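A short write-up of the structure that comes next.
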Amino acid sequence: MSRKETDLAGKHVLVVGTGISGIAAAGLLYHVGALPVLFDSNADLTKESVAEKLPENVKAEIYLGTLPEEIRQAIELVVPSPGVPVDTEFMMEFKERDIPVWGEIELGFRFAKGKLFAITGTNGKTTTTALTGQIMKDYTDSVFVVGNIGNPYTLEALKTTEGSVTVAEISSFQLETIHAFKPDISAILNITPDHLNRHHTMENYVAVKEAIASNQDKSSRCILNYEDEYTRAFGERTSAEPFYFSSVRKLERGIYLDGEEIWMADGGESERLLNIHEMKLLGTHNVENVMAAIAITHSAGVPMDSILKTVKEFKAVEHRIEFVATKNGVDYYNDSKGTNPDAAIRGIRAMNKPTILIGGGYDKGSTYDEWIEAFDGKVKWLVLLGQTRDRIAECARAHGFENIIMADSLEEVVRICADKAVSGDAVLLSPACASWGMFPNYEVRGRQFKDFVHALKE
């Protein structure tokens, strides 16, 4: 089905979840003439509190806790929020009845116009999406930055025109429920173990990441990391035109790092683009993010001088190795988005001074050996909190790291770090774990950390 063939007028559509994604989906559905049914399994919510989230001009039936059988039978399409696993008994019931299940990004795609650039990867996708979006905004009008970055696709889809560009950060959860979703340019930045409690096996996780390019053809391009074994192999199989970036080797065709210089080879000639010290972003992982953003926007026809001007001015996204403050000669960094070990490895590698590291949080089934090994003599103290603190401490000791302090709150953690740090040190919140259990999300965790740091006395 093409986007233009989508007609939901008069159809009962079940939206599962009443967070920002579900509310935005209900809004789009109402505006295209569908009959949205909002459902949340949390019986502690009230219909009034959910109804208040809806825009004034949007109406939806609301059900909480359980969904009556007669309503289930009337449903013609299901739109689950990304946090809703598709293999639950509740969701499988619709699948068995051959009721279509579209994720919120699939719904947004069906009603959006213009060009779509879609970015996924275990790590780096928010920074890459934000930078790609900024490059496009600095070059052209009508640019929308949507998806996992915190702005639902369905909130913006009906505002797009044939001249619009949409830059979308797409998570593995969102990719589980795509069908027609077809980016003009896609990017897979890297694939490392994450969310295995949801996807069950690494094979499933890799497959769902690769799905971002499943509907692409040779007229579209897929940007891939040559130094990631999964994405390099995918370049051999994808039906899109592959275009690589590398932080390790010179490429005959692609964008690569040679020493401290970023180069591009596209069509035989190699062209020096910029020195990494001309950027405001720290760390090799951010060089990779920049190379990916350059590859996407160059592929879209943006002039290189315009791309590089934005790259040189772009600052770190909030919660991604974000500089917070210097207190008593100690630099504090907020990398709350380091919600898995691989992301946290990137955080510690970006530090260039003795570091007190804050870790721990919700247990997603990760292993921490490679993260501990990446300390590489740089970490002076490891301060731990949350559900995983004992597992991480046990792993650290198995690798010979003994400078471990346990804490019960983030406020206590910041006090401990301030006490242990000396002038010239860095303190890095890069937890290697999700925030759930102690915080609603990584943003709240990061902002609380910044508040506690700013409150420290000089």
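Numbering starts fresh at 1 for the residues of each chain in the structure tokens, the chains themselves are lettered A, B, ... in the order given, and ligands are numbered from 1 as they appear.
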Quiz item: Can you list, as a ChimeraX atom specification, every residue of segment 4-47 of chain A that DSSP puts in alpha helix (DSSP H)?
Solution: /A:20-31,47
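Note that DSSP on the backbone gives strand (DSSP E or B) to these residues of segment 370-428 of chain A: Val379, Lys380, Trp381, Leu382, Val383, Leu384, Ile404, Ile405, Met406, Ala426, Val427 and Leu428 of chain A.
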File of the preceding selection, C-alpha atoms, as a PDB file, in the first residue's frame:
```pdb
ATOM      1  CA  VAL A 379      38.648   5.598  36.266  1.00  0.00           C
ATOM      2  CA  LYS A 380      39.695   6.491  39.822  1.00  0.00           C
ATOM      3  CA  TRP A 381      36.423   5.571  41.568  1.00  0.00           C
ATOM      4  CA  LEU A 382      33.245   3.816  40.477  1.00  0.00           C
ATOM      5  CA  VAL A 383      30.162   5.088  42.332  1.00  0.00           C
ATOM      6  CA  LEU A 384      27.152   2.787  41.912  1.00  0.00           C
ATOM      7  CA  ILE A 404      33.875   1.004  44.395  1.00  0.00           C
ATOM      8  CA  ILE A 405      31.419   3.051  46.473  1.00  0.00           C
ATOM      9  CA  MET A 406      27.715   2.191  46.826  1.00  0.00           C
ATOM     10  CA  ALA A 426      36.322  14.741  35.743  1.00  0.00           C
ATOM     11  CA  VAL A 427      33.052  13.332  37.107  1.00  0.00           C
ATOM     12  CA  LEU A 428      31.018  11.426  34.506  1.00  0.00           C
TER      13      LEU A 428
END
```
Practice problem: Could you give me, as a ChimeraX atom specification, the residues within 7 Å of Asn275 of chain A, counting only C-alpha atoms and dropping anything in the same chain fewer than 5 positions from it? | Solution: /A:260-262
Self-check item: Nearest candidate to Glu278 of chain A (options A:Ser299, A:Ile178, A:Lys250, A:Lys312; using only C-alpha atoms)
Solution: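 When distances to Glu278 of chain A are compared using only C-alpha atoms, the smallest one comes from A:Lys312.
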Give me, as a PDB file with all heavy atoms, in the first residue's frame, all polymer residues having an atom no more than 8 Å from Gly103 of chain A, counting only C-alpha atoms and skipping those fewer than 3 positions away in the same chain.
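And here's result_36.pdb as it stands now:
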```pdb
ATOM      1  N   VAL A  79      -2.565   0.477  16.886  1.00  0.00           N
ATOM      2  CA  VAL A  79      -1.350   1.291  16.872  1.00  0.00           C
ATOM      3  C   VAL A  79      -0.745   1.264  18.287  1.00  0.00           C
ATOM      4  O   VAL A  79      -1.152   2.023  19.167  1.00  0.00           O
ATOM      5  CB  VAL A  79      -1.651   2.750  16.449  1.00  0.00           C
ATOM      6  CG1 VAL A  79      -0.365   3.582  16.462  1.00  0.00           C
ATOM      7  CG2 VAL A  79      -2.285   2.792  15.061  1.00  0.00           C
ATOM      8  N   PRO A  80       0.218   0.347  18.535  1.00  0.00           N
ATOM      9  CA  PRO A  80       0.835   0.291  19.861  1.00  0.00           C
ATOM     10  C   PRO A  80       1.916   1.354  20.024  1.00  0.00           C
ATOM     11  O   PRO A  80       2.628   1.672  19.065  1.00  0.00           O
ATOM     12  CB  PRO A  80       1.451  -1.112  19.907  1.00  0.00           C
ATOM     13  CG  PRO A  80       1.761  -1.422  18.474  1.00  0.00           C
ATOM     14  CD  PRO A  80       0.738  -0.690  17.637  1.00  0.00           C
ATOM     15  N   SER A  81       2.052   1.898  21.209  1.00  0.00           N
ATOM     16  CA  SER A  81       3.173   2.791  21.501  1.00  0.00           C
ATOM     17  C   SER A  81       4.461   1.962  21.514  1.00  0.00           C
ATOM     18  O   SER A  81       4.417   0.742  21.743  1.00  0.00           O
ATOM     19  CB  SER A  81       2.957   3.468  22.850  1.00  0.00           C
ATOM     20  OG  SER A  81       1.792   4.276  22.795  1.00  0.00           O
ATOM     21  N   PRO A  82       5.627   2.591  21.288  1.00  0.00           N
ATOM     22  CA  PRO A  82       6.878   1.822  21.187  1.00  0.00           C
ATOM     23  C   PRO A  82       7.179   0.970  22.417  1.00  0.00           C
ATOM     24  O   PRO A  82       7.781  -0.092  22.295  1.00  0.00           O
ATOM     25  CB  PRO A  82       7.946   2.906  21.005  1.00  0.00           C
ATOM     26  CG  PRO A  82       7.213   4.062  20.416  1.00  0.00           C
ATOM     27  CD  PRO A  82       5.837   4.022  21.000  1.00  0.00           C
ATOM     28  N   GLU A 106       4.937   4.108  11.585  1.00  0.00           N
ATOM     29  CA  GLU A 106       4.271   3.638  10.366  1.00  0.00           C
ATOM     30  C   GLU A 106       3.053   4.510  10.078  1.00  0.00           C
ATOM     31  O   GLU A 106       2.822   4.930   8.940  1.00  0.00           O
ATOM     32  CB  GLU A 106       3.845   2.173  10.528  1.00  0.00           C
ATOM     33  CG  GLU A 106       3.059   1.617   9.353  1.00  0.00           C
ATOM     34  CD  GLU A 106       3.891   1.378   8.095  1.00  0.00           C
ATOM     35  OE1 GLU A 106       5.140   1.317   8.194  1.00  0.00           O
ATOM     36  OE2 GLU A 106       3.300   1.253   7.009  1.00  0.00           O
ATOM     37  N   LEU A 107       2.285   4.816  11.115  1.00  0.00           N
ATOM     38  CA  LEU A 107       1.106   5.671  10.956  1.00  0.00           C
ATOM     39  C   LEU A 107       1.524   7.053  10.458  1.00  0.00           C
ATOM     40  O   LEU A 107       0.925   7.602   9.522  1.00  0.00           O
ATOM     41  CB  LEU A 107       0.362   5.778  12.289  1.00  0.00           C
ATOM     42  CG  LEU A 107      -0.878   6.664  12.306  1.00  0.00           C
ATOM     43  CD1 LEU A 107      -1.967   6.122  11.378  1.00  0.00           C
ATOM     44  CD2 LEU A 107      -1.419   6.798  13.743  1.00  0.00           C
ATOM     45  N   GLN A 174      10.399   0.734  17.653  1.00  0.00           N
ATOM     46  CA  GLN A 174       9.559   1.316  16.598  1.00  0.00           C
ATOM     47  C   GLN A 174       9.644   0.510  15.311  1.00  0.00           C
ATOM     48  O   GLN A 174       8.673   0.434  14.552  1.00  0.00           O
ATOM     49  CB  GLN A 174       9.975   2.773  16.353  1.00  0.00           C
ATOM     50  CG  GLN A 174       9.651   3.691  17.523  1.00  0.00           C
ATOM     51  CD  GLN A 174      10.271   5.066  17.377  1.00  0.00           C
ATOM     52  OE1 GLN A 174      11.435   5.197  16.997  1.00  0.00           O
ATOM     53  NE2 GLN A 174       9.514   6.094  17.688  1.00  0.00           N
ATOM     54  N   LEU A 175      10.790  -0.109  15.069  1.00  0.00           N
ATOM     55  CA  LEU A 175      10.981  -0.859  13.824  1.00  0.00           C
ATOM     56  C   LEU A 175      10.254  -2.206  13.827  1.00  0.00           C
ATOM     57  O   LEU A 175      10.097  -2.828  12.776  1.00  0.00           O
ATOM     58  CB  LEU A 175      12.476  -1.073  13.562  1.00  0.00           C
ATOM     59  CG  LEU A 175      13.234   0.180  13.093  1.00  0.00           C
ATOM     60  CD1 LEU A 175      14.738  -0.042  13.151  1.00  0.00           C
ATOM     61  CD2 LEU A 175      12.809   0.574  11.679  1.00  0.00           C
ATOM     62  N   GLU A 176       9.811  -2.650  14.995  1.00  0.00           N
ATOM     63  CA  GLU A 176       9.072  -3.918  15.059  1.00  0.00           C
ATOM     64  C   GLU A 176       7.736  -3.843  14.324  1.00  0.00           C
ATOM     65  O   GLU A 176       7.187  -4.870  13.933  1.00  0.00           O
ATOM     66  CB  GLU A 176       8.786  -4.292  16.526  1.00  0.00           C
ATOM     67  CG  GLU A 176       9.985  -4.786  17.293  1.00  0.00           C
ATOM     68  CD  GLU A 176       9.614  -5.170  18.715  1.00  0.00           C
ATOM     69  OE1 GLU A 176       8.760  -4.496  19.333  1.00  0.00           O
ATOM     70  OE2 GLU A 176      10.172  -6.156  19.206  1.00  0.00           O
ATOM     71  N   THR A 177       7.206  -2.631  14.165  1.00  0.00           N
ATOM     72  CA  THR A 177       5.825  -2.495  13.678  1.00  0.00           C
ATOM     73  C   THR A 177       5.750  -1.614  12.431  1.00  0.00           C
ATOM     74  O   THR A 177       4.849  -0.798  12.285  1.00  0.00           O
ATOM     75  CB  THR A 177       4.933  -1.918  14.791  1.00  0.00           C
ATOM     76  OG1 THR A 177       5.608  -0.797  15.383  1.00  0.00           O
ATOM     77  CG2 THR A 177       4.646  -2.963  15.856  1.00  0.00           C
ATOM     78  N   ILE A 178       6.743  -1.769  11.520  1.00  0.00           N
ATOM     79  CA  ILE A 178       6.678  -1.058  10.240  1.00  0.00           C
ATOM     80  C   ILE A 178       6.229  -2.022   9.143  1.00  0.00           C
ATOM     81  O   ILE A 178       6.404  -3.243   9.258  1.00  0.00           O
ATOM     82  CB  ILE A 178       8.026  -0.404   9.855  1.00  0.00           C
ATOM     83  CG1 ILE A 178       9.128  -1.459   9.701  1.00  0.00           C
ATOM     84  CG2 ILE A 178       8.418   0.665  10.864  1.00  0.00           C
ATOM     85  CD1 ILE A 178      10.394  -0.948   9.057  1.00  0.00           C
TER      86      ILE A 178
END
```
Quiz prompt | Best match for closeness to Ala130 of chain A among A:Ile62, A:Ile188, A:Val317, A:Ile307, counting only C-alpha atoms | solution =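 Going through A:Ile62, A:Ile188, A:Val317, A:Ile307 one by one, the smallest distance to Ala130 of chain A is for A:Val317.
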